[in-house]
>>> print(open('start-v7.cif').read())   # mmCIF, C-alpha atoms and all ligand atoms
data_run
loop_
_atom_site.label_atom_id
_atom_site.label_comp_id
_atom_site.auth_asym_id
_atom_site.auth_seq_id
_atom_site.Cartn_x
_atom_site.Cartn_y
_atom_site.Cartn_z
CA MET A 1 -4.10 -18.90 13.57
CA ALA A 2 -3.76 -15.39 14.80
CA VAL A 3 -2.79 -15.93 18.39
CA TYR A 4 0.82 -14.89 18.62
CA THR A 5 0.73 -14.25 22.36
CA GLU A 6 -0.70 -16.82 24.76
CA VAL A 7 -2.42 -15.25 27.78
CA SER A 8 -2.34 -17.25 31.02
CA ASP A 9 -5.39 -17.47 33.31
CA GLU A 10 -3.63 -15.35 35.94
CA GLU A 11 -2.71 -12.63 33.43
CA LEU A 12 -6.23 -12.58 32.05
CA GLU A 13 -7.76 -12.33 35.51
CA ALA A 14 -5.54 -9.40 36.47
CA PHE A 15 -6.31 -7.66 33.14
CA VAL A 16 -10.08 -8.11 33.31
CA ALA A 17 -10.10 -6.83 36.91
CA GLY A 18 -9.25 -3.42 35.43
CA TYR A 19 -12.68 -3.27 33.74
CA ASP A 20 -16.23 -3.34 34.95
CA VAL A 21 -17.22 -6.33 32.81
CA GLY A 22 -18.22 -8.91 35.41
CA GLU A 23 -16.89 -12.40 35.79
CA VAL A 24 -15.07 -14.33 33.07
CA LEU A 25 -17.05 -17.30 31.79
CA SER A 26 -14.86 -18.28 28.84
CA PHE A 27 -11.87 -17.07 26.91
CA LYS A 28 -10.65 -18.44 23.60
CA GLY A 29 -8.27 -17.54 20.80
CA ILE A 30 -9.72 -16.54 17.42
CA ALA A 31 -8.24 -18.36 14.43
CA GLU A 32 -9.01 -15.71 11.80
CA GLY A 33 -6.82 -12.70 11.11
CA VAL A 34 -3.11 -12.34 10.54
CA GLU A 35 -2.05 -9.12 12.19
CA ASN A 36 -2.85 -9.19 15.90
CA SER A 37 -3.71 -11.70 18.61
CA ASN A 38 -7.47 -11.77 19.12
CA TYR A 39 -9.45 -13.47 21.85
CA LEU A 40 -13.17 -13.82 22.39
CA LEU A 41 -14.02 -13.11 26.01
CA GLN A 42 -17.38 -14.08 27.47
CA THR A 43 -18.32 -12.64 30.86
CA ASP A 44 -21.58 -12.56 32.74
CA HIS A 45 -22.08 -9.05 31.25
CA GLY A 46 -21.61 -10.02 27.59
CA GLN A 47 -19.05 -10.79 24.88
CA TYR A 48 -15.95 -8.78 24.10
CA ILE A 49 -12.95 -8.95 21.80
CA LEU A 50 -9.59 -8.69 23.52
CA THR A 51 -6.76 -7.73 21.16
CA LEU A 52 -3.03 -7.74 21.83
CA TYR A 53 -1.32 -5.56 19.25
CA GLU A 54 1.56 -7.23 17.47
CA LYS A 55 4.21 -6.54 14.82
CA ARG A 56 2.72 -4.10 12.27
CA THR A 57 0.54 -2.08 14.61
CA LYS A 58 2.69 0.68 16.10
CA PRO A 59 1.86 1.50 19.74
CA GLU A 60 1.92 5.25 19.03
CA ASP A 61 -0.90 4.75 16.47
CA LEU A 62 -3.23 2.99 18.90
CA PRO A 63 -4.88 6.12 20.37
CA PHE A 64 -5.79 7.09 16.78
CA PHE A 65 -7.43 3.72 16.07
CA LEU A 66 -9.28 3.50 19.37
CA GLU A 67 -10.56 7.09 19.29
CA LEU A 68 -11.57 6.62 15.65
CA MET A 69 -13.76 3.61 16.51
CA GLU A 70 -15.40 5.64 19.29
CA HIS A 71 -15.95 8.54 16.89
CA LEU A 72 -17.51 6.40 14.16
CA ALA A 73 -19.67 4.44 16.60
CA ALA A 74 -20.93 7.74 18.07
CA ARG A 75 -22.03 8.73 14.55
CA GLY A 76 -24.04 5.57 14.16
CA LEU A 77 -21.57 3.39 12.24
CA ALA A 78 -21.75 -0.25 13.33
CA CYS A 79 -18.16 -0.74 14.42
CA PRO A 80 -16.49 -2.03 17.59
CA THR A 81 -16.42 0.41 20.52
CA PRO A 82 -13.40 0.35 22.84
CA LEU A 83 -14.11 -0.31 26.50
CA HIS A 84 -12.65 2.01 29.08
CA GLY A 85 -11.09 0.53 32.19
CA ARG A 86 -11.97 1.61 35.71
CA ASP A 87 -9.18 4.18 35.41
CA GLY A 88 -10.77 5.63 32.25
CA ARG A 89 -8.12 4.26 29.89
CA ALA A 90 -9.02 2.24 26.78
CA LEU A 91 -5.43 1.35 25.92
CA ARG A 92 -3.74 -0.94 28.40
CA SER A 93 -1.02 -3.56 28.48
CA LEU A 94 -1.15 -7.36 28.69
CA CYS A 95 1.76 -9.85 28.54
CA GLY A 96 4.05 -6.92 27.76
CA LYS A 97 2.01 -5.95 24.66
CA PRO A 98 -0.38 -3.03 24.20
CA ALA A 99 -3.91 -4.38 24.50
CA ALA A 100 -7.52 -3.23 24.41
CA MET A 101 -11.01 -4.65 24.69
CA VAL A 102 -13.73 -3.71 22.24
CA SER A 103 -17.41 -4.55 21.96
CA PHE A 104 -18.32 -7.75 20.12
CA LEU A 105 -20.33 -7.28 16.90
CA ASN A 106 -22.79 -9.94 15.85
CA GLY A 107 -22.70 -10.89 12.21
CA MET A 108 -20.92 -12.92 9.61
CA SER A 109 -18.69 -11.96 6.75
CA ALA A 110 -19.99 -13.04 3.34
CA ARG A 111 -18.64 -16.38 2.12
CA ARG A 112 -19.78 -15.92 -1.49
CA LEU A 113 -19.85 -12.31 -2.62
CA THR A 114 -22.90 -11.25 -4.61
CA LEU A 115 -23.75 -8.09 -6.53
CA ASP A 116 -25.97 -7.01 -3.62
CA HIS A 117 -23.07 -7.39 -1.17
CA CYS A 118 -20.95 -5.15 -3.41
CA ALA A 119 -23.66 -2.49 -3.63
CA ALA A 120 -24.14 -2.54 0.15
CA LEU A 121 -20.41 -2.37 0.73
CA GLY A 122 -20.14 0.71 -1.52
CA ALA A 123 -22.85 2.53 0.43
CA ALA A 124 -21.41 1.54 3.82
CA MET A 125 -17.93 2.69 2.77
CA ALA A 126 -19.28 6.08 1.72
CA GLN A 127 -21.18 6.38 5.02
CA MET A 128 -17.95 5.61 6.86
CA HIS A 129 -16.12 8.31 4.85
CA LEU A 130 -18.81 10.85 5.73
CA ALA A 131 -18.82 9.80 9.41
CA GLY A 132 -15.02 10.21 9.52
CA ALA A 133 -15.06 13.69 8.00
CA ASP A 134 -15.05 15.51 11.34
CA PHE A 135 -12.63 13.18 13.15
CA ALA A 136 -10.08 15.55 14.63
CA ARG A 137 -7.00 13.32 14.47
CA SER A 138 -5.07 12.40 11.36
CA ARG A 139 -2.56 9.67 10.58
CA PRO A 140 -0.49 9.52 7.40
CA ASN A 141 -0.81 6.33 5.35
CA ASP A 142 2.59 4.74 5.87
CA LEU A 143 1.64 1.98 3.42
CA SER A 144 1.07 4.37 0.51
CA VAL A 145 3.38 5.30 -2.34
CA ALA A 146 6.24 6.62 -0.16
CA GLY A 147 6.25 3.41 1.88
CA TRP A 148 6.37 0.91 -0.97
CA ARG A 149 9.97 1.37 -2.16
CA PRO A 150 11.51 0.75 1.30
CA LEU A 151 9.27 -2.29 1.77
CA PHE A 152 10.35 -3.64 -1.60
CA ASP A 153 14.05 -2.84 -1.08
CA ALA A 154 14.06 -4.98 2.05
CA GLU A 155 12.77 -8.03 0.14
CA LYS A 156 13.68 -7.59 -3.51
CA HIS A 157 16.61 -10.04 -3.36
CA ARG A 158 14.08 -12.74 -2.51
CA ALA A 159 11.20 -11.71 -4.81
CA ASP A 160 12.33 -13.90 -7.69
CA GLN A 161 12.11 -16.95 -5.42
CA VAL A 162 8.34 -16.37 -5.53
CA LYS A 163 8.19 -15.75 -9.29
CA ALA A 164 10.96 -15.34 -11.84
CA GLY A 165 11.14 -11.73 -12.99
CA LEU A 166 8.96 -10.42 -10.16
CA ALA A 167 11.61 -8.05 -8.78
CA ASP A 168 12.02 -6.29 -12.14
CA SER A 169 8.25 -6.02 -12.67
CA ILE A 170 7.75 -4.48 -9.24
CA ALA A 171 10.65 -2.05 -9.72
CA ALA A 172 9.21 -0.83 -13.04
CA GLU A 173 5.74 -0.45 -11.56
CA LEU A 174 7.11 1.50 -8.59
CA ASP A 175 8.82 3.90 -11.02
CA PHE A 176 5.48 4.44 -12.74
CA LEU A 177 3.49 4.85 -9.53
CA GLU A 178 5.98 7.25 -7.96
CA ALA A 179 5.99 9.44 -11.09
CA ASN A 180 2.21 9.48 -11.61
CA TRP A 181 0.59 9.07 -8.19
CA PRO A 182 -2.32 11.54 -7.77
CA ARG A 183 -1.75 13.70 -4.71
CA GLN A 184 -4.59 16.26 -4.85
CA LEU A 185 -7.66 14.04 -4.52
CA PRO A 186 -10.24 14.67 -1.79
CA SER A 187 -8.76 13.21 1.33
CA GLY A 188 -10.15 12.03 4.64
CA LEU A 189 -10.47 9.09 6.94
CA ILE A 190 -10.10 5.73 5.15
CA HIS A 191 -10.25 2.15 6.47
CA ALA A 192 -7.45 0.95 4.16
CA ASP A 193 -8.06 -2.79 4.72
CA LEU A 194 -11.74 -3.14 3.88
CA PHE A 195 -11.57 -6.76 2.78
CA PRO A 196 -14.59 -9.09 2.87
CA ASP A 197 -13.42 -10.61 6.18
CA ASN A 198 -13.69 -7.18 7.81
CA VAL A 199 -17.32 -6.55 6.81
CA PHE A 200 -20.25 -8.31 8.47
CA PHE A 201 -23.60 -8.75 6.75
CA HIS A 202 -27.11 -9.47 7.87
CA GLY A 203 -28.69 -10.82 4.70
CA HIS A 204 -27.39 -8.42 2.08
CA ASP A 205 -27.14 -5.43 4.42
CA VAL A 206 -23.87 -4.42 6.03
CA SER A 207 -24.27 -4.99 9.76
CA GLY A 208 -20.75 -4.11 10.90
CA ILE A 209 -17.24 -3.08 9.93
CA ILE A 210 -14.25 -4.24 11.98
CA ASP A 211 -10.45 -4.08 12.03
CA PHE A 212 -9.58 -0.39 11.85
CA TYR A 213 -5.88 -1.00 12.47
CA PHE A 214 -4.71 0.31 9.09
CA ALA A 215 -7.10 3.29 9.10
CA CYS A 216 -5.42 6.53 8.10
CA THR A 217 -5.85 9.83 6.32
CA ASP A 218 -5.59 9.45 2.55
CA ALA A 219 -7.52 9.88 -0.71
CA LEU A 220 -11.04 8.60 -0.11
CA THR A 221 -10.95 6.99 -3.54
CA TYR A 222 -7.95 4.89 -2.46
CA ASP A 223 -10.33 2.98 -0.13
CA ILE A 224 -12.54 2.29 -3.17
CA ALA A 225 -9.50 1.08 -5.12
CA ILE A 226 -8.62 -1.36 -2.32
CA CYS A 227 -12.18 -2.68 -2.49
CA LEU A 228 -12.13 -3.01 -6.29
CA ASN A 229 -9.28 -5.44 -5.76
CA ALA A 230 -10.62 -7.23 -2.71
CA TRP A 231 -14.29 -7.57 -3.75
CA CYS A 232 -14.55 -7.53 -7.55
CA PHE A 233 -12.26 -10.32 -8.74
CA GLU A 234 -13.58 -13.87 -8.97
CA THR A 235 -11.65 -16.83 -7.60
CA ASP A 236 -10.57 -17.74 -11.14
CA GLY A 237 -8.81 -14.35 -11.33
CA SER A 238 -11.30 -12.69 -13.71
CA PHE A 239 -12.48 -9.16 -12.99
CA ASN A 240 -16.23 -8.77 -12.49
CA ALA A 241 -17.08 -5.31 -13.85
CA THR A 242 -20.71 -5.67 -12.75
CA LYS A 243 -19.61 -6.06 -9.13
CA ALA A 244 -17.42 -2.97 -9.56
CA ARG A 245 -20.31 -0.99 -11.03
CA MET A 246 -22.63 -2.05 -8.19
CA MET A 247 -20.03 -1.06 -5.62
CA LEU A 248 -19.28 2.31 -7.24
CA ASN A 249 -22.94 3.13 -7.74
CA GLY A 250 -23.73 2.08 -4.16
CA TYR A 251 -21.00 4.46 -3.03
CA ARG A 252 -22.18 7.30 -5.28
CA LYS A 253 -25.71 7.14 -3.88
CA VAL A 254 -24.22 8.31 -0.56
CA ARG A 255 -21.20 10.37 -1.61
CA ALA A 256 -20.73 11.77 -5.11
CA LEU A 257 -17.49 11.01 -6.93
CA SER A 258 -15.94 13.77 -9.04
CA ALA A 259 -14.68 13.20 -12.60
CA GLU A 260 -11.17 13.59 -11.21
CA GLU A 261 -11.73 10.86 -8.64
CA LEU A 262 -13.17 8.47 -11.22
CA ALA A 263 -10.28 9.15 -13.62
CA ALA A 264 -7.78 8.34 -10.87
CA LEU A 265 -9.27 4.92 -10.11
CA PRO A 266 -7.03 2.85 -12.43
CA ILE A 267 -3.78 4.18 -10.96
CA LEU A 268 -5.16 3.98 -7.43
CA ALA A 269 -6.13 0.36 -8.11
CA ARG A 270 -2.58 -0.34 -9.33
CA GLY A 271 -1.21 1.26 -6.16
CA ALA A 272 -3.63 -0.67 -3.97
CA ALA A 273 -2.57 -3.90 -5.70
CA MET A 274 1.09 -2.98 -5.12
CA ARG A 275 0.47 -2.34 -1.40
CA PHE A 276 -0.98 -5.82 -0.77
CA LEU A 277 1.48 -7.51 -3.13
CA LEU A 278 4.36 -6.04 -1.11
CA THR A 279 3.02 -6.76 2.38
CA ARG A 280 2.09 -10.30 1.32
CA LEU A 281 5.51 -10.76 -0.25
CA TYR A 282 7.11 -9.60 2.97
CA ASP A 283 5.05 -12.07 4.99
CA TRP A 284 5.59 -14.85 2.44
CA VAL A 285 9.37 -14.70 2.66
CA ASN A 286 9.48 -13.96 6.39
CA THR A 287 6.95 -16.47 7.77
CA PRO A 288 8.44 -19.91 8.44
CA ALA A 289 6.66 -22.65 6.43
CA GLY A 290 5.47 -24.41 9.62
CA ALA A 291 4.03 -21.28 11.28
CA LEU A 292 0.44 -21.35 12.50
CA VAL A 293 -0.48 -18.18 10.60
CA LYS A 294 -1.69 -18.86 7.07
CA ARG A 295 0.31 -16.81 4.56
CA LYS A 296 -1.66 -15.02 1.85
CA ASP A 297 -0.63 -15.42 -1.76
CA PRO A 298 1.32 -12.37 -3.02
CA LEU A 299 0.84 -13.43 -6.65
CA GLU A 300 -2.93 -13.01 -6.36
CA TYR A 301 -2.15 -9.30 -6.08
CA TYR A 302 0.45 -9.42 -8.82
CA ARG A 303 -2.28 -10.73 -11.17
CA LYS A 304 -4.65 -7.97 -10.05
CA LEU A 305 -1.94 -5.41 -10.73
CA ARG A 306 -1.46 -6.84 -14.23
CA PHE A 307 -5.19 -6.49 -14.87
CA HIS A 308 -5.23 -2.78 -14.00
CA GLN A 309 -2.05 -2.19 -16.02
CA GLY A 310 -3.88 -3.54 -19.06
CA ILE A 311 -7.04 -1.43 -18.98
CA SER A 312 -7.58 1.74 -20.97
CA GLY A 313 -9.52 3.75 -18.35
CA PRO A 314 -12.10 3.71 -15.55
CA GLY A 315 -14.74 2.44 -18.01
CA ALA A 316 -13.30 -1.03 -17.32
CA TYR A 317 -14.92 -0.75 -13.88
CA GLY A 318 -18.37 -0.64 -15.40
CA ILE A 319 -18.89 3.12 -15.02
CA GLU A 320 -19.36 5.89 -17.58
N1 LIG B 401 -15.53 -6.51 17.35
C1 LIG B 401 -15.63 -7.75 16.85
N2 LIG B 401 -16.79 -8.42 16.91
C2 LIG B 401 -16.91 -9.69 16.45
N3 LIG B 401 -15.89 -10.40 15.95
C3 LIG B 401 -14.70 -9.79 15.85
C4 LIG B 401 -14.50 -8.44 16.29
N4 LIG B 401 -13.20 -8.13 16.09
C5 LIG B 401 -12.63 -9.21 15.55
N5 LIG B 401 -13.51 -10.22 15.41
C6 LIG B 401 -13.24 -11.57 14.91
O1 LIG B 401 -11.85 -11.77 14.95
C7 LIG B 401 -11.32 -12.03 13.65
C8 LIG B 401 -9.97 -11.35 13.49
O2 LIG B 401 -10.10 -9.95 13.72
P1 LIG B 401 -9.31 -8.89 12.85
O3 LIG B 401 -9.75 -8.98 11.43
O4 LIG B 401 -9.44 -7.58 13.54
O5 LIG B 401 -7.85 -9.43 13.01
P2 LIG B 401 -6.51 -9.05 12.34
O6 LIG B 401 -5.47 -9.91 12.95
O7 LIG B 401 -6.32 -7.58 12.42
O8 LIG B 401 -6.77 -9.57 10.87
P3 LIG B 401 -6.63 -9.05 9.38
O9 LIG B 401 -5.93 -7.73 9.42
O10 LIG B 401 -5.91 -10.15 8.74
O11 LIG B 401 -8.04 -8.94 8.84
C9 LIG B 401 -12.37 -11.50 12.70
O12 LIG B 401 -12.36 -12.19 11.48
C10 LIG B 401 -13.66 -11.76 13.49
O13 LIG B 401 -14.07 -13.09 13.31
N1 LIG B 402 -6.15 -7.89 4.13
C1 LIG B 402 -4.74 -8.18 4.10
C2 LIG B 402 -4.26 -8.83 5.36
C3 LIG B 402 -4.39 -7.98 6.56
O1 LIG B 402 -3.58 -6.85 6.46
C4 LIG B 402 -4.42 -9.09 2.91
O2 LIG B 402 -5.34 -9.75 2.43
O3 LIG B 402 -3.27 -9.14 2.50
#
>>> encode(input="start-v7.cif", output="structure tokens", more="lines below")
Ligand SMILES: Nc1ncnc2c1ncn2[C@@H]1O[C@H](COP(=O)(O)OP(=O)(O)OP(=O)(O)O)[C@@H](O)[C@H]1O
Ligand SMILES: N[C@@H](CCO)C(=O)O
Amino acid sequence: MAVYTEVSDEELEAFVAGYDVGEVLSFKGIAEGVENSNYLLQTDHGQYILTLYEKRTKPEDLPFFLELMEHLAARGLACPTPLHGRDGRALRSLCGKPAAMVSFLNGMSARRLTLDHCAALGAAMAQMHLAGADFARSRPNDLSVAGWRPLFDAEKHRADQVKAGLADSIAAELDFLEANWPRQLPSGLIHADLFPDNVFFHGHDVSGIIDFYFACTDALTYDIAICLNAWCFETDGSFNATKARMMLNGYRKVRALSAEELAALPILARGAAMRFLLTRLYDWVNTPAGALVKRKDPLEYYRKLRFHQGISGPGAYGIE
């Protein structure tokens, strides 16, 4: 469960007094999520999400994330909007951690992903990319190719505990990615963690996007590559090219993809698989077995990486 920091009634009361949100009616921890501590706050004015930022979210990046959500919401994207305190600040502190409150979005993530969900996701992602185009701030992607080797080096002595030969496979793939990574693709604001649990649907329409705490400035197509991995594999590990085609075509109806962007998809998908393999590996070997947070399987992303290594080109994603 993603509540790393327990908030006492007194601390909550003092924190909420900094906002014009009325009286607290209820306050409870949210089980989902792995990165930050999230609470659902109900007051007589409405519902809010209170987040205390933990381990991987760097305090200096928080103004970027909070201003980005305001920017996207102002352009009509359904995403959480940060609340400003009575002093005008959106970023505050609670229990010694940076903390903020954002608006609560109604909606549910999809339990069973359909072709229609994938098409709607593609269109919503492209709309988000367009809405982010004039966001004035930028933030480098510290979990892109330059960040993978140091992440791996810290854990490689333990990788083979997860799977024999894994350390050598990762090292060889990193050599390939570092030598061939495309660096000239159209770049802009990307979400960088657009997994099904971060997208809400109403029927088959996207009704909200949450969790912008990995957002950064990078190749727009890298966001698509992350989604190819997170949305287009079935639970048995097989790749569903029809889902990929629906997602890519949904995207292309809103923002055209150049031949160069399409050609880069296989290597971007390998890189995206590497990113989640490495962060999951890190969490796998560093989270005690009895911890309340559920660890995610790094080998799921190793298998996805193997799939992309084996394809001959972007045609494997159902596109011409
Ligand atoms: N603005 C919001 N409106 C409604 N529900 C929200 C909102 N923000 C978060 N939630 C709920 O809290 C859960 C955890 O949020 P979030 O995904 O941001 O956490 P996280 O720790 O960053 O997780 P992860 O990075 O693993 O996805 C979500 O799955 C959702 O149920
Ligand atoms: N979406 C990530 C967890 C949050 O960073 C994963 O599935 O590994």
>>> atom_distance(input="start-v7.cif", atom1="atom CA of A:Trp231", atom2="atom CA of A:Arg183")
24.7 Å
>>> residues_near_ligand(input="start-v7.cif", ligand="ligand LIG 402 (chain B)", cutoff="6 Å", atoms="all atoms listed in the file", output="number ranges by chain")
A: 193, 195, 276, 280
>>> write_last_selection(input="start-v7.cif", atoms="C-alpha atoms", output="PDB file, in the frame of the given file")
ATOM      1  CA  ASP A 193      -8.060  -2.790   4.720  1.00  0.00           C
ATOM      2  CA  PHE A 195     -11.570  -6.760   2.780  1.00  0.00           C
ATOM      3  CA  PHE A 276      -0.980  -5.820  -0.770  1.00  0.00           C
ATOM      4  CA  ARG A 280       2.090 -10.300   1.320  1.00  0.00           C
TER       5      ARG A 280
END
>>> residues_near_ligand(input="start-v7.cif", ligand="ligand LIG 401 (chain B)", cutoff="9 Å", atoms="only C-alpha atoms and all ligand atoms", output="compact mmCIF listing (two decimals) with C-alpha atoms, keeping the file's coordinate frame")
# COMPACT_ATOMS: atom_id res chain seq x y z
CA ALA A 2 -3.76 -15.39 14.80
CA VAL A 3 -2.79 -15.93 18.39
CA GLY A 29 -8.27 -17.54 20.80
CA ILE A 30 -9.72 -16.54 17.42
CA ALA A 31 -8.24 -18.36 14.43
CA GLU A 32 -9.01 -15.71 11.80
CA GLY A 33 -6.82 -12.70 11.11
CA VAL A 34 -3.11 -12.34 10.54
CA GLU A 35 -2.05 -9.12 12.19
CA ASN A 36 -2.85 -9.19 15.90
CA SER A 37 -3.71 -11.70 18.61
CA ASN A 38 -7.47 -11.77 19.12
CA TYR A 39 -9.45 -13.47 21.85
CA LEU A 40 -13.17 -13.82 22.39
CA GLN A 47 -19.05 -10.79 24.88
CA TYR A 48 -15.95 -8.78 24.10
CA ILE A 49 -12.95 -8.95 21.80
CA LEU A 50 -9.59 -8.69 23.52
CA THR A 51 -6.76 -7.73 21.16
CA TYR A 53 -1.32 -5.56 19.25
CA GLU A 54 1.56 -7.23 17.47
CA CYS A 79 -18.16 -0.74 14.42
CA PRO A 80 -16.49 -2.03 17.59
CA THR A 81 -16.42 0.41 20.52
CA MET A 101 -11.01 -4.65 24.69
CA VAL A 102 -13.73 -3.71 22.24
CA SER A 103 -17.41 -4.55 21.96
CA PHE A 104 -18.32 -7.75 20.12
CA LEU A 105 -20.33 -7.28 16.90
CA ASN A 106 -22.79 -9.94 15.85
CA GLY A 107 -22.70 -10.89 12.21
CA MET A 108 -20.92 -12.92 9.61
CA SER A 109 -18.69 -11.96 6.75
CA ASP A 193 -8.06 -2.79 4.72
CA LEU A 194 -11.74 -3.14 3.88
CA PHE A 195 -11.57 -6.76 2.78
CA PRO A 196 -14.59 -9.09 2.87
CA ASP A 197 -13.42 -10.61 6.18
CA ASN A 198 -13.69 -7.18 7.81
CA VAL A 199 -17.32 -6.55 6.81
CA PHE A 200 -20.25 -8.31 8.47
CA GLY A 208 -20.75 -4.11 10.90
CA ILE A 209 -17.24 -3.08 9.93
CA ILE A 210 -14.25 -4.24 11.98
CA ASP A 211 -10.45 -4.08 12.03
CA PHE A 212 -9.58 -0.39 11.85
CA TYR A 213 -5.88 -1.00 12.47
CA PHE A 214 -4.71 0.31 9.09
>>> atom_distance(input="start-v7.cif", atom1="atom CA of A:Ala244", atom2="atom CA of A:Tyr317")
5.5 Å
>>> residues_around(input="start-v7.cif", residues="A:Lys296", least_positions_apart="6", cutoff="9 Å", atoms="all atoms listed in the file", output="list of chain:residue names")
A:Arg280, A:Leu281, A:Asp283, A:Trp284
>>> closest_residue(input="start-v7.cif", among="A:Ser144, A:Thr287, A:Ser207, A:Asn180", to="A:Ala264", atoms="only C-alpha atoms")
A:Asn180
>>> atom_distance(input="start-v7.cif", atom1="atom CA of A:His191", atom2="atom CA of A:Gly250")
17.2 Å
>>> residues_around(input="start-v7.cif", residues="stretch 146-161 of chain A", least_positions_apart="4", cutoff="12 Å", atoms="all atoms listed in the file", output="ChimeraX atom specification")
/A:140-142,165-179,181,183,271-286,298-299,302
>>> write_last_selection(input="start-v7.cif", atoms="C-alpha atoms", output="mmCIF file, in the frame of the given file")
data_model
loop_
_atom_site.group_PDB
_atom_site.id
_atom_site.type_symbol
_atom_site.label_atom_id
_atom_site.label_comp_id
_atom_site.auth_asym_id
_atom_site.auth_seq_id
_atom_site.Cartn_x
_atom_site.Cartn_y
_atom_site.Cartn_z
ATOM 1 C CA PRO A 140 -0.490 9.520 7.400
ATOM 2 C CA ASN A 141 -0.810 6.330 5.350
ATOM 3 C CA ASP A 142 2.590 4.740 5.870
ATOM 4 C CA GLY A 165 11.140 -11.730 -12.990
ATOM 5 C CA LEU A 166 8.960 -10.420 -10.160
ATOM 6 C CA ALA A 167 11.610 -8.050 -8.780
ATOM 7 C CA ASP A 168 12.020 -6.290 -12.140
ATOM 8 C CA SER A 169 8.250 -6.020 -12.670
ATOM 9 C CA ILE A 170 7.750 -4.480 -9.240
ATOM 10 C CA ALA A 171 10.650 -2.050 -9.720
ATOM 11 C CA ALA A 172 9.210 -0.830 -13.040
ATOM 12 C CA GLU A 173 5.740 -0.450 -11.560
ATOM 13 C CA LEU A 174 7.110 1.500 -8.590
ATOM 14 C CA ASP A 175 8.820 3.900 -11.020
ATOM 15 C CA PHE A 176 5.480 4.440 -12.740
ATOM 16 C CA LEU A 177 3.490 4.850 -9.530
ATOM 17 C CA GLU A 178 5.980 7.250 -7.960
ATOM 18 C CA ALA A 179 5.990 9.440 -11.090
ATOM 19 C CA TRP A 181 0.590 9.070 -8.190
ATOM 20 C CA ARG A 183 -1.750 13.700 -4.710
ATOM 21 C CA GLY A 271 -1.210 1.260 -6.160
ATOM 22 C CA ALA A 272 -3.630 -0.670 -3.970
ATOM 23 C CA ALA A 273 -2.570 -3.900 -5.700
ATOM 24 C CA MET A 274 1.090 -2.980 -5.120
ATOM 25 C CA ARG A 275 0.470 -2.340 -1.400
ATOM 26 C CA PHE A 276 -0.980 -5.820 -0.770
ATOM 27 C CA LEU A 277 1.480 -7.510 -3.130
ATOM 28 C CA LEU A 278 4.360 -6.040 -1.110
ATOM 29 C CA THR A 279 3.020 -6.760 2.380
ATOM 30 C CA ARG A 280 2.090 -10.300 1.320
ATOM 31 C CA LEU A 281 5.510 -10.760 -0.250
ATOM 32 C CA TYR A 282 7.110 -9.600 2.970
ATOM 33 C CA ASP A 283 5.050 -12.070 4.990
ATOM 34 C CA TRP A 284 5.590 -14.850 2.440
ATOM 35 C CA VAL A 285 9.370 -14.700 2.660
ATOM 36 C CA ASN A 286 9.480 -13.960 6.390
ATOM 37 C CA PRO A 298 1.320 -12.370 -3.020
ATOM 38 C CA LEU A 299 0.840 -13.430 -6.650
ATOM 39 C CA TYR A 302 0.450 -9.420 -8.820
#
>>> axis_aligned_box(input="start-v7.cif", around="stretch 162-178 of chain A", padding_each_side="6 Å", output="JSON")
{"center_x": 7.8, "center_y": -4.6, "center_z": -9.3, "size_x": 20.5, "size_y": 35.6, "size_z": 19.5}
>>> residues_around(input="start-v7.cif", residues="A:Ala215", least_positions_apart="6", cutoff="9 Å", atoms="only C-alpha atoms", output="VMD selection string")
chain A and resid 64 to 65 68 139 141 189 to 193
>>> residues_near_point(input="start-v7.cif", point="(-17.9, 8.8, 16.0)", cutoff="12 Å", atoms="all atoms listed in the file", output="ChimeraX atom specification")
/A:65-82,127-137,189
>>> write_last_selection(input="start-v7.cif", atoms="C-alpha atoms", output="mmCIF file, in the frame of the given file")
data_model
loop_
_atom_site.group_PDB
_atom_site.id
_atom_site.type_symbol
_atom_site.label_atom_id
_atom_site.label_comp_id
_atom_site.auth_asym_id
_atom_site.auth_seq_id
_atom_site.Cartn_x
_atom_site.Cartn_y
_atom_site.Cartn_z
ATOM 1 C CA PHE A 65 -7.430 3.720 16.070
ATOM 2 C CA LEU A 66 -9.280 3.500 19.370
ATOM 3 C CA GLU A 67 -10.560 7.090 19.290
ATOM 4 C CA LEU A 68 -11.570 6.620 15.650
ATOM 5 C CA MET A 69 -13.760 3.610 16.510
ATOM 6 C CA GLU A 70 -15.400 5.640 19.290
ATOM 7 C CA HIS A 71 -15.950 8.540 16.890
ATOM 8 C CA LEU A 72 -17.510 6.400 14.160
ATOM 9 C CA ALA A 73 -19.670 4.440 16.600
ATOM 10 C CA ALA A 74 -20.930 7.740 18.070
ATOM 11 C CA ARG A 75 -22.030 8.730 14.550
ATOM 12 C CA GLY A 76 -24.040 5.570 14.160
ATOM 13 C CA LEU A 77 -21.570 3.390 12.240
ATOM 14 C CA ALA A 78 -21.750 -0.250 13.330
ATOM 15 C CA CYS A 79 -18.160 -0.740 14.420
ATOM 16 C CA PRO A 80 -16.490 -2.030 17.590
ATOM 17 C CA THR A 81 -16.420 0.410 20.520
ATOM 18 C CA PRO A 82 -13.400 0.350 22.840
ATOM 19 C CA GLN A 127 -21.180 6.380 5.020
ATOM 20 C CA MET A 128 -17.950 5.610 6.860
ATOM 21 C CA HIS A 129 -16.120 8.310 4.850
ATOM 22 C CA LEU A 130 -18.810 10.850 5.730
ATOM 23 C CA ALA A 131 -18.820 9.800 9.410
ATOM 24 C CA GLY A 132 -15.020 10.210 9.520
ATOM 25 C CA ALA A 133 -15.060 13.690 8.000
ATOM 26 C CA ASP A 134 -15.050 15.510 11.340
ATOM 27 C CA PHE A 135 -12.630 13.180 13.150
ATOM 28 C CA ALA A 136 -10.080 15.550 14.630
ATOM 29 C CA ARG A 137 -7.000 13.320 14.470
ATOM 30 C CA LEU A 189 -10.470 9.090 6.940
#
